[in-house]
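Chemist: My structure file start_11.cif, mmCIF, C-alpha atoms, is below:
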```cif
data_target
loop_
_atom_site.label_atom_id
_atom_site.label_comp_id
_atom_site.auth_asym_id
_atom_site.auth_seq_id
_atom_site.Cartn_x
_atom_site.Cartn_y
_atom_site.Cartn_z
CA MET A 1 -11.92 -3.52 38.97
CA LYS A 2 -14.56 -5.95 37.77
CA ILE A 3 -15.64 -7.91 34.69
CA SER A 4 -19.07 -9.49 34.38
CA ARG A 5 -20.71 -11.49 31.58
CA LYS A 6 -24.30 -12.30 30.72
CA THR A 7 -26.18 -13.66 27.73
CA PHE A 8 -27.16 -10.77 25.45
CA GLY A 9 -29.02 -12.70 22.75
CA ILE A 10 -29.10 -15.79 20.56
CA LEU A 11 -28.44 -15.77 16.81
CA SER A 12 -30.61 -17.65 14.31
CA ASN A 13 -27.98 -20.42 14.20
CA GLY A 14 -28.34 -20.91 17.97
CA LYS A 15 -25.04 -19.26 18.86
CA LYS A 16 -25.11 -17.28 22.11
CA VAL A 17 -24.05 -13.64 22.12
CA TYR A 18 -22.56 -12.31 25.35
CA LEU A 19 -22.53 -8.87 26.91
CA TYR A 20 -19.46 -7.97 28.95
CA THR A 21 -19.40 -5.11 31.44
CA LEU A 22 -16.07 -3.69 32.56
CA LYS A 23 -15.79 -1.50 35.64
CA ALA A 24 -12.63 0.36 36.61
CA GLY A 25 -12.05 3.79 38.09
CA ASP A 26 -15.32 5.70 37.81
CA LEU A 27 -16.41 4.30 34.43
CA SER A 28 -18.47 1.34 33.26
CA LEU A 29 -18.19 0.03 29.68
CA SER A 30 -20.37 -2.69 28.14
CA LEU A 31 -19.39 -4.66 25.04
CA SER A 32 -21.13 -7.26 22.87
CA SER A 33 -19.46 -10.31 21.31
CA TYR A 34 -21.63 -9.68 18.23
CA GLY A 35 -19.89 -6.95 16.23
CA ALA A 36 -17.48 -6.27 19.11
CA VAL A 37 -19.88 -3.40 19.80
CA TRP A 38 -19.62 -0.78 22.54
CA THR A 39 -23.21 -0.80 23.84
CA SER A 40 -22.94 1.63 26.77
CA LEU A 41 -20.45 3.83 28.60
CA ILE A 42 -21.43 5.29 31.96
CA VAL A 43 -19.46 8.44 32.84
CA PRO A 44 -19.88 10.70 35.91
CA SER A 45 -20.47 14.43 35.72
CA GLY A 46 -19.29 17.21 37.97
CA LYS A 47 -22.62 18.97 37.42
CA GLY A 48 -25.14 16.15 37.82
CA PRO A 49 -25.67 12.40 37.78
CA ALA A 50 -23.65 9.88 35.79
CA ALA A 51 -24.99 9.18 32.32
CA ASP A 52 -24.65 6.74 29.43
CA ILE A 53 -22.88 8.77 26.72
CA LEU A 54 -23.09 6.19 23.90
CA LEU A 55 -25.88 5.98 21.35
CA GLY A 56 -27.22 2.43 21.11
CA TYR A 57 -30.24 0.16 21.20
CA SER A 58 -32.45 -1.19 23.97
CA GLY A 59 -31.89 -4.85 23.10
CA PHE A 60 -29.76 -7.27 21.14
CA ALA A 61 -32.10 -7.76 18.16
CA SER A 62 -31.60 -4.20 16.93
CA TYR A 63 -27.82 -4.67 16.74
CA THR A 64 -28.26 -7.35 14.05
CA GLY A 65 -29.69 -4.65 11.77
CA ASN A 66 -27.35 -1.88 12.87
CA LYS A 67 -27.28 0.28 9.72
CA PRO A 68 -25.68 3.33 11.41
CA TYR A 69 -22.96 1.05 12.88
CA LEU A 70 -23.70 2.27 16.43
CA GLY A 71 -20.69 1.28 18.57
CA ALA A 72 -19.49 -1.32 16.07
CA THR A 73 -15.98 -2.55 15.35
CA ILE A 74 -15.34 -2.02 11.64
CA GLY A 75 -13.28 -4.18 9.25
CA ARG A 76 -11.76 -5.49 7.07
CA PHE A 77 -11.43 -1.92 5.81
CA GLY A 78 -13.14 0.99 7.56
CA ASN A 79 -14.53 3.92 5.59
CA ARG A 80 -15.04 4.04 1.82
CA ILE A 81 -13.27 2.37 -1.08
CA GLY A 82 -14.09 4.12 -4.34
CA ASN A 83 -16.02 2.16 -7.00
CA ALA A 84 -15.81 -0.90 -4.70
CA CYS A 85 -12.59 -2.11 -6.28
CA PHE A 86 -8.82 -1.88 -6.05
CA THR A 87 -5.72 -3.37 -7.67
CA LEU A 88 -3.00 -5.07 -5.64
CA ASP A 89 0.17 -6.61 -7.09
CA GLY A 90 -1.32 -6.35 -10.56
CA ARG A 91 -4.56 -8.14 -9.74
CA ALA A 92 -7.96 -6.45 -9.63
CA TYR A 93 -10.32 -7.11 -6.71
CA THR A 94 -14.04 -6.33 -6.70
CA LEU A 95 -15.87 -5.55 -3.45
CA TYR A 96 -19.53 -5.35 -2.50
CA GLN A 97 -21.24 -2.05 -3.32
CA ASN A 98 -23.14 -0.94 -0.21
CA ASP A 99 -22.71 2.85 -0.48
CA GLY A 100 -23.98 3.71 -3.94
CA GLN A 101 -21.32 2.33 -6.29
CA HIS A 102 -18.74 2.32 -3.49
CA SER A 103 -17.84 -0.05 -0.65
CA LEU A 104 -18.26 1.13 2.95
CA HIS A 105 -17.02 -0.35 6.24
CA GLY A 106 -16.14 -3.81 4.96
CA GLY A 107 -19.07 -4.42 2.62
CA ARG A 108 -22.26 -6.43 2.94
CA ARG A 109 -21.13 -8.48 5.94
CA GLY A 110 -18.24 -6.69 7.56
CA PHE A 111 -16.73 -7.40 10.96
CA ASP A 112 -19.59 -5.48 12.59
CA LYS A 113 -21.92 -8.34 11.57
CA ARG A 114 -19.73 -11.16 12.86
CA CYS A 115 -19.71 -12.96 16.18
CA TRP A 116 -16.23 -12.65 17.71
CA LYS A 117 -14.46 -15.08 20.01
CA THR A 118 -13.83 -13.46 23.37
CA GLU A 119 -11.42 -13.68 26.27
CA CYS A 120 -11.38 -11.58 29.46
CA TYR A 121 -8.25 -10.67 31.37
CA GLU A 122 -6.70 -8.19 33.80
CA GLU A 123 -3.49 -6.33 33.08
CA LYS A 124 -1.76 -3.76 35.30
CA ASP A 125 -4.47 -1.30 36.32
CA GLY A 126 -7.12 -2.33 33.81
CA VAL A 127 -9.67 -4.96 32.80
CA PHE A 128 -9.93 -6.07 29.18
CA VAL A 129 -11.93 -8.09 26.69
CA ARG A 130 -10.02 -9.45 23.70
CA PHE A 131 -12.11 -10.11 20.58
CA GLU A 132 -10.82 -12.41 17.82
CA LEU A 133 -12.11 -13.53 14.44
CA GLU A 134 -10.87 -15.08 11.21
CA SER A 135 -11.75 -13.72 7.80
CA PRO A 136 -11.13 -16.25 5.01
CA ASP A 137 -9.49 -15.48 1.68
CA GLY A 138 -12.07 -13.95 -0.66
CA GLU A 139 -14.52 -12.84 2.02
CA GLU A 140 -16.25 -9.67 0.80
CA GLY A 141 -13.77 -9.75 -2.11
CA TYR A 142 -10.61 -9.24 -0.05
CA PRO A 143 -7.51 -11.41 -0.55
CA GLY A 144 -5.72 -13.37 2.15
CA ASN A 145 -6.74 -15.38 5.20
CA LEU A 146 -6.84 -12.71 7.89
CA LYS A 147 -6.72 -13.15 11.64
CA ALA A 148 -7.95 -10.06 13.49
CA ALA A 149 -7.91 -9.24 17.19
CA VAL A 150 -9.16 -6.18 19.03
CA SER A 151 -8.80 -5.63 22.76
CA TYR A 152 -10.89 -3.06 24.59
CA GLY A 153 -9.88 -2.26 28.14
CA LEU A 154 -10.95 0.03 30.94
CA ALA A 155 -8.24 1.47 33.18
CA LYS A 156 -8.45 2.84 36.72
CA SER A 157 -7.27 6.15 35.22
CA ASN A 158 -10.68 6.47 33.47
CA GLU A 159 -9.30 5.57 30.06
CA ILE A 160 -10.53 3.16 27.41
CA ILE A 161 -7.48 1.48 25.88
CA VAL A 162 -7.87 0.04 22.38
CA ASN A 163 -5.42 -2.28 20.63
CA TYR A 164 -5.98 -3.43 17.05
CA GLU A 165 -4.04 -6.37 15.58
CA ALA A 166 -4.20 -8.36 12.35
CA SER A 167 -2.09 -10.77 10.34
CA SER A 168 -2.62 -12.27 6.90
CA ASP A 169 -1.04 -14.97 4.77
CA ALA A 170 -1.24 -12.70 1.71
CA PRO A 171 -1.06 -8.93 1.16
CA THR A 172 -4.43 -7.33 1.92
CA PRO A 173 -5.83 -3.91 2.88
CA VAL A 174 -6.58 -3.57 6.61
CA ASN A 175 -8.16 -0.62 8.39
CA LEU A 176 -9.83 -1.44 11.70
CA THR A 177 -11.70 1.17 13.72
CA ASN A 178 -14.56 1.65 16.15
CA HIS A 179 -17.75 3.47 15.17
CA SER A 180 -19.13 4.58 18.54
CA TYR A 181 -21.39 7.63 18.60
CA PHE A 182 -20.85 9.87 21.62
CA ASN A 183 -23.04 12.50 23.21
CA LEU A 184 -21.24 13.82 26.27
CA SER A 185 -24.44 15.26 27.72
CA GLY A 186 -25.98 11.76 27.65
CA GLU A 187 -27.50 9.67 24.87
CA GLY A 188 -30.95 10.82 23.86
CA SER A 189 -30.41 14.31 25.30
CA GLY A 190 -30.58 16.20 22.01
CA ASP A 191 -27.98 17.19 19.45
CA ILE A 192 -24.22 17.59 19.89
CA LEU A 193 -23.85 20.94 18.11
CA SER A 194 -22.90 22.79 21.32
CA HIS A 195 -20.01 20.39 22.02
CA GLU A 196 -16.66 22.12 21.71
CA VAL A 197 -13.98 20.29 19.73
CA VAL A 198 -10.22 20.39 19.17
CA LEU A 199 -8.72 18.29 16.36
CA TYR A 200 -4.95 18.04 16.25
CA ALA A 201 -4.94 18.21 12.47
CA SER A 202 -3.51 20.87 10.17
CA SER A 203 -4.96 19.27 7.04
CA ARG A 204 -7.73 16.95 5.91
CA VAL A 205 -8.38 14.46 3.15
CA GLU A 206 -10.21 16.26 0.34
CA VAL A 207 -13.29 14.36 -0.91
CA ASP A 208 -15.74 14.68 -3.78
CA LYS A 209 -19.53 14.91 -3.49
CA ASN A 210 -19.70 11.15 -2.81
CA LEU A 211 -17.14 11.45 0.02
CA ILE A 212 -14.47 9.66 -2.03
CA PRO A 213 -10.95 11.15 -1.73
CA THR A 214 -9.58 13.18 -4.61
CA GLY A 215 -6.03 12.29 -3.54
CA LYS A 216 -5.27 15.73 -2.15
CA LEU A 217 -4.51 16.61 1.47
CA VAL A 218 -5.65 20.19 1.93
CA PRO A 219 -4.86 22.65 4.76
CA VAL A 220 -7.67 23.43 7.20
CA GLU A 221 -6.45 26.96 7.91
CA ASN A 222 -9.09 29.63 7.21
CA THR A 223 -11.75 27.01 6.44
CA PRO A 224 -14.75 25.59 8.36
CA PHE A 225 -12.60 22.49 9.00
CA ASP A 226 -10.11 24.26 11.25
CA PHE A 227 -10.52 22.81 14.75
CA ARG A 228 -6.95 23.44 15.88
CA THR A 229 -8.37 25.93 18.39
CA ARG A 230 -11.41 24.77 20.36
CA LYS A 231 -14.73 25.74 18.87
CA SER A 232 -18.30 24.46 18.92
CA ILE A 233 -19.45 22.08 16.22
CA GLN A 234 -22.27 24.43 15.31
CA LYS A 235 -20.02 27.43 14.65
CA ASP A 236 -19.09 26.50 11.08
CA TYR A 237 -21.00 23.30 10.42
CA MET A 238 -23.38 24.86 7.88
CA ALA A 239 -20.45 26.23 5.89
CA ALA A 240 -19.00 22.70 5.94
CA GLY A 241 -22.13 21.36 4.25
CA GLY A 242 -24.47 20.91 7.21
CA GLY A 243 -22.21 18.64 9.21
CA TYR A 244 -18.87 16.88 9.17
CA ASP A 245 -18.00 13.47 7.71
CA HIS A 246 -14.34 13.98 6.89
CA CYS A 247 -11.00 12.34 7.56
CA PHE A 248 -8.54 14.68 9.24
CA VAL A 249 -4.78 14.17 8.93
CA LEU A 250 -3.31 13.91 12.41
CA ASP A 251 -0.27 16.03 13.20
CA GLY A 252 2.82 14.37 14.61
CA GLU A 253 4.59 11.12 13.88
CA LYS A 254 2.44 8.39 12.34
CA GLY A 255 2.73 5.24 14.40
CA ALA A 256 3.36 7.12 17.64
CA LEU A 257 0.54 7.47 20.16
CA ARG A 258 -0.20 11.19 20.01
CA PRO A 259 -3.07 13.64 20.63
CA CYS A 260 -5.93 13.23 18.20
CA ALA A 261 -8.92 15.15 19.58
CA GLU A 262 -10.48 16.78 22.62
CA VAL A 263 -14.20 17.31 23.14
CA PHE A 264 -15.82 19.40 25.90
CA GLU A 265 -19.54 19.49 26.72
CA PRO A 266 -20.36 22.69 28.66
CA GLY A 267 -23.58 21.51 30.30
CA SER A 268 -22.15 18.43 32.02
CA GLY A 269 -18.52 19.49 32.20
CA ARG A 270 -17.46 16.18 30.63
CA VAL A 271 -14.26 16.07 28.60
CA MET A 272 -13.12 13.32 26.24
CA ARG A 273 -9.53 13.22 24.99
CA VAL A 274 -8.51 10.86 22.20
CA PHE A 275 -5.01 9.65 21.33
CA ALA A 276 -4.09 7.51 18.31
CA THR A 277 -1.26 5.92 16.35
CA GLN A 278 -3.14 5.96 13.04
CA PRO A 279 -2.54 8.63 10.37
CA GLY A 280 -6.08 10.00 10.47
CA VAL A 281 -9.40 10.34 12.26
CA GLN A 282 -12.85 10.45 10.69
CA PHE A 283 -14.88 13.15 12.42
CA TYR A 284 -18.55 12.43 11.82
CA THR A 285 -21.44 14.41 13.29
CA GLY A 286 -24.29 11.95 12.74
CA ASN A 287 -25.50 13.65 9.58
CA PHE A 288 -27.42 10.58 8.37
CA LEU A 289 -29.22 9.70 11.62
CA ASP A 290 -32.91 9.89 10.80
CA GLY A 291 -35.15 8.87 13.67
CA ILE A 292 -33.30 5.77 14.87
CA ALA A 293 -35.10 4.08 17.78
CA GLY A 294 -32.48 4.10 20.55
CA LYS A 295 -32.28 3.15 24.21
CA ALA A 296 -35.29 3.35 26.53
CA GLY A 297 -37.41 5.37 24.13
CA SER A 298 -34.66 7.67 22.86
CA VAL A 299 -34.90 8.74 19.23
CA TYR A 300 -31.70 9.64 17.41
CA ASN A 301 -32.15 12.33 14.80
CA LYS A 302 -29.54 14.20 12.79
CA HIS A 303 -26.54 15.25 14.95
CA ALA A 304 -27.63 13.15 17.96
CA GLY A 305 -24.04 11.92 18.33
CA PHE A 306 -20.54 12.32 16.97
CA CYS A 307 -17.87 9.78 16.03
CA LEU A 308 -14.09 9.99 16.18
CA GLU A 309 -12.96 6.98 14.15
CA THR A 310 -9.16 6.68 14.34
CA GLN A 311 -8.04 5.11 11.07
CA HIS A 312 -6.03 5.02 7.88
CA PHE A 313 -7.32 7.31 5.15
CA PRO A 314 -10.39 6.27 3.12
CA ASP A 315 -9.77 4.73 -0.33
CA THR A 316 -6.11 4.15 0.53
CA PRO A 317 -6.00 0.94 -1.58
CA ASN A 318 -6.54 3.17 -4.63
CA ARG A 319 -4.28 6.01 -3.47
CA PRO A 320 -0.54 5.18 -3.56
CA GLU A 321 0.17 8.74 -2.38
CA PHE A 322 -1.50 7.98 0.98
CA PRO A 323 0.27 6.18 3.86
CA PRO A 324 0.04 2.49 2.90
CA ALA A 325 -2.60 0.26 4.50
CA VAL A 326 -1.62 -3.09 2.96
CA PHE A 327 -0.45 -5.75 5.39
CA GLY A 328 0.54 -9.39 5.01
CA PRO A 329 3.37 -11.85 5.53
CA GLY A 330 6.18 -10.15 7.41
CA LYS A 331 4.10 -7.02 8.02
CA ASP A 332 1.43 -7.39 10.66
CA TYR A 333 -1.10 -4.68 11.51
CA HIS A 334 -0.81 -3.01 14.93
CA GLU A 335 -2.57 0.21 15.96
CA LYS A 336 -3.64 1.75 19.25
CA ALA A 337 -6.12 4.35 20.46
CA VAL A 338 -6.95 5.76 23.90
CA PHE A 339 -10.15 7.53 24.99
CA ALA A 340 -9.63 9.41 28.27
CA PHE A 341 -12.44 11.00 30.29
CA ASP A 342 -12.68 13.79 32.84
CA TRP A 343 -15.51 15.88 34.29
#
```
If you convert what's in this file into structure tokens, what do you get?

Modeler:
Amino acid sequence: MKISRKTFGILSNGKKVYLYTLKAGDLSLSLSSYGAVWTSLIVPSGKGPAADILLGYSGFASYTGNKPYLGATIGRFGNRIGNACFTLDGRAYTLYQNDGQHSLHGGRRGFDKRCWKTECYEEKDGVFVRFELESPDGEEGYPGNLKAAVSYGLAKSNEIIVNYEASSDAPTPVNLTNHSYFNLSGEGSGDILSHEVVLYASSRVEVDKNLIPTGKLVPVENTPFDFRTRKSIQKDYMAAGGGYDHCFVLDGEKGALRPCAEVFEPGSGRVMRVFATQPGVQFYTGNFLDGIAGKAGSVYNKHAGFCLETQHFPDTPNRPEFPPAVFGPGKDYHEKAVFAFDW
């Protein structure tokens, strides 16, 4: 096992940004202190050479304008909040509108645009980087002074272990997630439509044309959203509207680490299995990628990668019928996810 650190870039205020590379088992994962971003993930293949399976940029500068959120850690609240507002304990809060009239992924300057404090450590059979930041009361419109911490670790068992933590001195919505885009055949190798997917979800969060929840959880059975049996993304994606950008309701006990998804790429033989404690997972097939300049000359067009963002449901602050996502004094935020790889 090994951890290395180098300077990745320098911000306009002179602050250094570091790039950490973790090596354990057969994998190598690189992470940036700016945005707590996953910048690369090298995974072997049983049918060819190892490859970087994460979409990303060639250098640090591009991550400061990372509109697709490639690899970024998202907060204070991942996904969308309808009309960029919510009411909590009788008080109305207004957020920044950065997705039409809605708020997306924390607003104008979410956690993906912050420089995190970092600490490296070893634990059992893994190497980890712990990222910490403080979000003051009123930042992006959210109440409460929040302390957030995310640890990303690489285990000898070829697993990425993710732990999310947060505490606040006042009730506030919290929904941390990671927005990595995967292509199991290798970044820049084309689209991901031939990838075969299982989602351990019998229902999904119904959304309107602006991807804002209606409040209903609808069964996936006999619809293009049924991934309970493995199928390729391309099989029904046109019937689903030309791609997926939907939150699926995970089966099993919320709060328990349980199967979330499995993805198989036939050409390389790579398999990714995801486990999560959160109530849902946003399955996104890169529908809005539009010629992003990626690594070493790669160009990321529509469907160049997919995301599996383990999370609470979108617009939960406005949906009392959803599992609650308000945390504060006496109720800290703790969630976990695991990404396991085979080939």

Chemist: Please measure the separation of atom CA of Leu193 of chain A and atom CA of Phe225 of chain A, giving the value in Å to one decimal.

Modeler: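 Value for the atom CA of Leu193 of chain A-atom CA of Phe225 of chain A distance: 14.6 Å.
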
Chemist: Write out as JSON an axis-aligned box for segment 309-317 of chain A: all of its atoms listed in the file, 4 Å added on each side, centre and edge lengths in Å with one decimal.

Modeler:
```
{"center_x": -9.5, "center_y": 4.1, "center_z": 6.4, "size_x": 15.0, "size_y": 14.4, "size_z": 23.9}
```

Chemist: Running the PyMOL selection byres ((chain A and resi 172-179) around 7) on this model by hand, what would come out? Give it as a PyMOL selection string.

Modeler: chain A and resi 69-78+142-144+164+170-171+180-181+307+309-312+317+325-328

Chemist: With a distance cut-off of 6 Å and all atoms listed in the file, select the neighbouring residues of segment 121-137 of chain A, excluding the residue or stretch itself and same-chain residues fewer than 5 positions from it, and output the selection as a list in words.

Modeler: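 Contacts, with the query itself left out: Trp116, Pro143, Gly144, Asn145, Leu146, Lys147, Ala148, Ala149, Val150, Ser151, Tyr152, Gly153, Leu154, Ala155 and Lys156 of chain A.
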
Chemist: With 6 Å as the threshold, what does the neighbourhood of (-0.3, 0.9, 13.0) contain in terms of residues, counting all atoms listed in the file? Coordinates are those of the file; answer as a ChimeraX atom specification.

Modeler: /A:255,278,333-335

Chemist: Considering all atoms listed in the file, tabulate each residue of segment 179-262 of chain A that lies at most 10 Å from segment 50-62 of chain A along with its nearest interatomic pair and the corresponding distance in Å to one decimal; arrange the rows by chain and ascending residue number and present them as a tab-separated table.

Modeler:
```
residue	atom	partner	partner_atom	distance
A:Ser180	CA	A:Leu54	CA	6.9
A:Tyr181	CA	A:Leu55	CA	5.5
A:Phe182	CA	A:Leu54	CA	4.9
A:Asn183	CA	A:Ile53	CA	5.1
A:Leu184	CA	A:Ile53	CA	5.3
A:Ser185	CA	A:Ile53	CA	6.7
A:Gly186	CA	A:Ile53	CA	4.4
A:Glu187	CA	A:Ile53	CA	5.1
A:Gly188	CA	A:Leu55	CA	7.4
A:Ser189	CA	A:Ile53	CA	9.5
```

Chemist: Tell me which protein, DNA and RNA residues are within 9 Å of Pro323 of chain A, counting all atoms listed in the file, leaving out same-chain ones fewer than 4 positions away, and put them as number ranges by chain.

Modeler: A: 279, 312-313, 316, 319

Chemist: Give me, as a PyMOL selection string, all polymer residues having an atom no more than 12 Å from Val43 of chain A, counting all atoms listed in the file and skipping those fewer than 2 positions away in the same chain.

Modeler: chain A and resi 23-29+40-41+45-54+158-160+182-187+268-272+340-343

Chemist: Tell me which residues the PyMOL selection byres ((chain A and resi 94) around 6) grabs here, as a ChimeraX atom specification.

Modeler: /A:85,93,95,141

Chemist: I'd like the neighbourhood of Thr7 of chain A as a PyMOL selection string, where a residue qualifies if any of its atoms comes within 12 Å (using only C-alpha atoms), though same-chain residues fewer than 2 positions away should be ignored.

Modeler: chain A and resi 4-5+9-11+15-21+31-34+59-60

Chemist: Next, write the just-selected residues to a file, as a PDB file, in the coordinates of the input, keeping C-alpha atoms as the atom set.

Modeler:
```pdb
ATOM      1  CA  SER A   4     -19.070  -9.490  34.380  1.00  0.00           C
ATOM      2  CA  ARG A   5     -20.710 -11.490  31.580  1.00  0.00           C
ATOM      3  CA  GLY A   9     -29.020 -12.700  22.750  1.00  0.00           C
ATOM      4  CA  ILE A  10     -29.100 -15.790  20.560  1.00  0.00           C
ATOM      5  CA  LEU A  11     -28.440 -15.770  16.810  1.00  0.00           C
ATOM      6  CA  LYS A  15     -25.040 -19.260  18.860  1.00  0.00           C
ATOM      7  CA  LYS A  16     -25.110 -17.280  22.110  1.00  0.00           C
ATOM      8  CA  VAL A  17     -24.050 -13.640  22.120  1.00  0.00           C
ATOM      9  CA  TYR A  18     -22.560 -12.310  25.350  1.00  0.00           C
ATOM     10  CA  LEU A  19     -22.530  -8.870  26.910  1.00  0.00           C
ATOM     11  CA  TYR A  20     -19.460  -7.970  28.950  1.00  0.00           C
ATOM     12  CA  THR A  21     -19.400  -5.110  31.440  1.00  0.00           C
ATOM     13  CA  LEU A  31     -19.390  -4.660  25.040  1.00  0.00           C
ATOM     14  CA  SER A  32     -21.130  -7.260  22.870  1.00  0.00           C
ATOM     15  CA  SER A  33     -19.460 -10.310  21.310  1.00  0.00           C
ATOM     16  CA  TYR A  34     -21.630  -9.680  18.230  1.00  0.00           C
ATOM     17  CA  GLY A  59     -31.890  -4.850  23.100  1.00  0.00           C
ATOM     18  CA  PHE A  60     -29.760  -7.270  21.140  1.00  0.00           C
TER      19      PHE A  60
END
```

Chemist: Check what the PyMOL selection byres ((chain A and resi 224) around 7) selects in the file above and give those residues as a PyMOL selection string.

Modeler: chain A and resi 223+225-226+236-237+239-240

Chemist: Which residue, A:Val274, A:Ile192, A:Ile42, A:Leu104, has the smallest gap to Pro68 of chain A when you use only C-alpha atoms?

Modeler: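 Of A:Val274, A:Ile192, A:Ile42, A:Leu104, the one nearest Pro68 of chain A is A:Leu104, counting only C-alpha atoms.
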
Chemist: Taking (-15.2, 17.7, 4.6) in the file's own coordinates, collect the residues within 10 Å, counting all atoms listed in the file, and hand them back as a short mmCIF file (atom, residue, chain, number, x, y, z; two decimals) with C-alpha atoms, in the coordinates of the input.

Modeler:
```
data_model
loop_
_atom_site.label_atom_id
_atom_site.label_comp_id
_atom_site.auth_asym_id
_atom_site.auth_seq_id
_atom_site.Cartn_x
_atom_site.Cartn_y
_atom_site.Cartn_z
CA ARG A 204 -7.73 16.95 5.91
CA VAL A 205 -8.38 14.46 3.15
CA GLU A 206 -10.21 16.26 0.34
CA VAL A 207 -13.29 14.36 -0.91
CA ASP A 208 -15.74 14.68 -3.78
CA LYS A 209 -19.53 14.91 -3.49
CA LEU A 211 -17.14 11.45 0.02
CA VAL A 220 -7.67 23.43 7.20
CA PRO A 224 -14.75 25.59 8.36
CA PHE A 225 -12.60 22.49 9.00
CA TYR A 237 -21.00 23.30 10.42
CA ALA A 240 -19.00 22.70 5.94
CA GLY A 241 -22.13 21.36 4.25
CA GLY A 243 -22.21 18.64 9.21
CA TYR A 244 -18.87 16.88 9.17
CA ASP A 245 -18.00 13.47 7.71
CA HIS A 246 -14.34 13.98 6.89
CA CYS A 247 -11.00 12.34 7.56
CA PHE A 248 -8.54 14.68 9.24
CA GLN A 282 -12.85 10.45 10.69
CA PHE A 283 -14.88 13.15 12.42
CA TYR A 284 -18.55 12.43 11.82
#
```

Chemist: What gap, in Å, lies between atom CA of Met1 of chain A and atom CA of Glu265 of chain A?

Modeler: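 Interatomic distance, atom CA of Met1 of chain A to atom CA of Glu265 of chain A: 27.2 Å.
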